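Trainee: Below is a structure I'd like to ask you about.
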Amino acid sequence: MFLKLLLSGILATTLAFAQRGGGGGGGKGGGGGIDMSAMQMGLVQTRLDRITATLKLTKDQKKDVKTTLDEANKEAAPLREQMVKSRLAIGQAIQDGKSQDEINQLINSHAALESQMAGIELKAFAKIYKGLEKDQQTTVAPVFLMMKGIFSGKNWNTTD
């Protein structure tokens, strides 16, 4: 019973994370979690805003970074969908009492998908890094940390 409850929780959490990034609304009680008046006053920063501030990007650099991340997000989209399905398959296999070998195969397949996503993130970071001036490259560590999981939602340029 406990195992079924645990797996149900894992599946529900996976579905919730798969929905992240769609957003809309905003405002108080709007379900978006962000007060639109705070957004209009500039109190809430998007990821692009934080990257721009951290690296002190010029207007052209900011445009290049946005293009790079938009392209990488498009590349990541089908992978993101496969990862959600893969996690659900693992949970279902556990719930169905599949053999450990079958579960391990699913886990290994999921790990390969995670690795591909990390590759997309790191390629995007490398492209951003190459477009920076030497003094900007010395302040890039926070942006590197920001890249992990940046394409896990449908919109990389969110406020979270």
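Residues are named by chain letter and number: chains run A, B, ... in the order of the structure tokens, numbers start at 1 in each chain, and ligands are numbered from 1 in the order shown.
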Give me, as a PDB file with N, CA and C atoms, in the first residue's frame, all polymer residues having an atom no more than 10 Å from Thr139 in chain A, counting only C-alpha atoms and skipping those fewer than 5 positions away in the same chain.
Mentor:
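Okay, this is what ended up in around.pdb:
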ATOM      1  N   THR A  54      24.125  39.908 -14.411  1.00  0.00           N
ATOM      2  CA  THR A  54      25.325  39.225 -13.913  1.00  0.00           C
ATOM      3  C   THR A  54      26.521  39.477 -14.819  1.00  0.00           C
ATOM      4  N   LEU A  55      26.295  39.378 -16.114  1.00  0.00           N
ATOM      5  CA  LEU A  55      27.395  39.495 -17.080  1.00  0.00           C
ATOM      6  C   LEU A  55      27.568  40.905 -17.629  1.00  0.00           C
ATOM      7  N   LYS A  56      26.649  41.802 -17.258  1.00  0.00           N
ATOM      8  CA  LYS A  56      26.684  43.182 -17.783  1.00  0.00           C
ATOM      9  C   LYS A  56      26.732  43.155 -19.317  1.00  0.00           C
ATOM     10  N   LYS A 134      36.551  39.292 -22.306  1.00  0.00           N
ATOM     11  CA  LYS A 134      37.393  38.651 -21.276  1.00  0.00           C
ATOM     12  C   LYS A 134      36.946  39.016 -19.862  1.00  0.00           C
ATOM     13  N   PHE A 144      26.680  29.763 -15.264  1.00  0.00           N
ATOM     14  CA  PHE A 144      26.918  28.325 -15.443  1.00  0.00           C
ATOM     15  C   PHE A 144      25.981  27.527 -14.532  1.00  0.00           C
TER      16      PHE A 144
END
Trainee: List as a VMD selection string the protein and nucleic acid residues near Glu75 in chain A, meaning an atom at most 10 Å away when only C-alpha atoms are counted, but skip any in the same chain fewer than 4 places from it.
Mentor: chain A and resid 69 to 71 79 to 80 117 120 151
Trainee: Could you tell me which of A:Ala126, A:Leu113, A:Ala76, A:Val140 comes closest to Trp156 in chain A if we count only C-alpha atoms?
Mentor: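 Of A:Ala126, A:Leu113, A:Ala76, A:Val140, the one nearest Trp156 in chain A, counting only C-alpha atoms, is A:Ala76.
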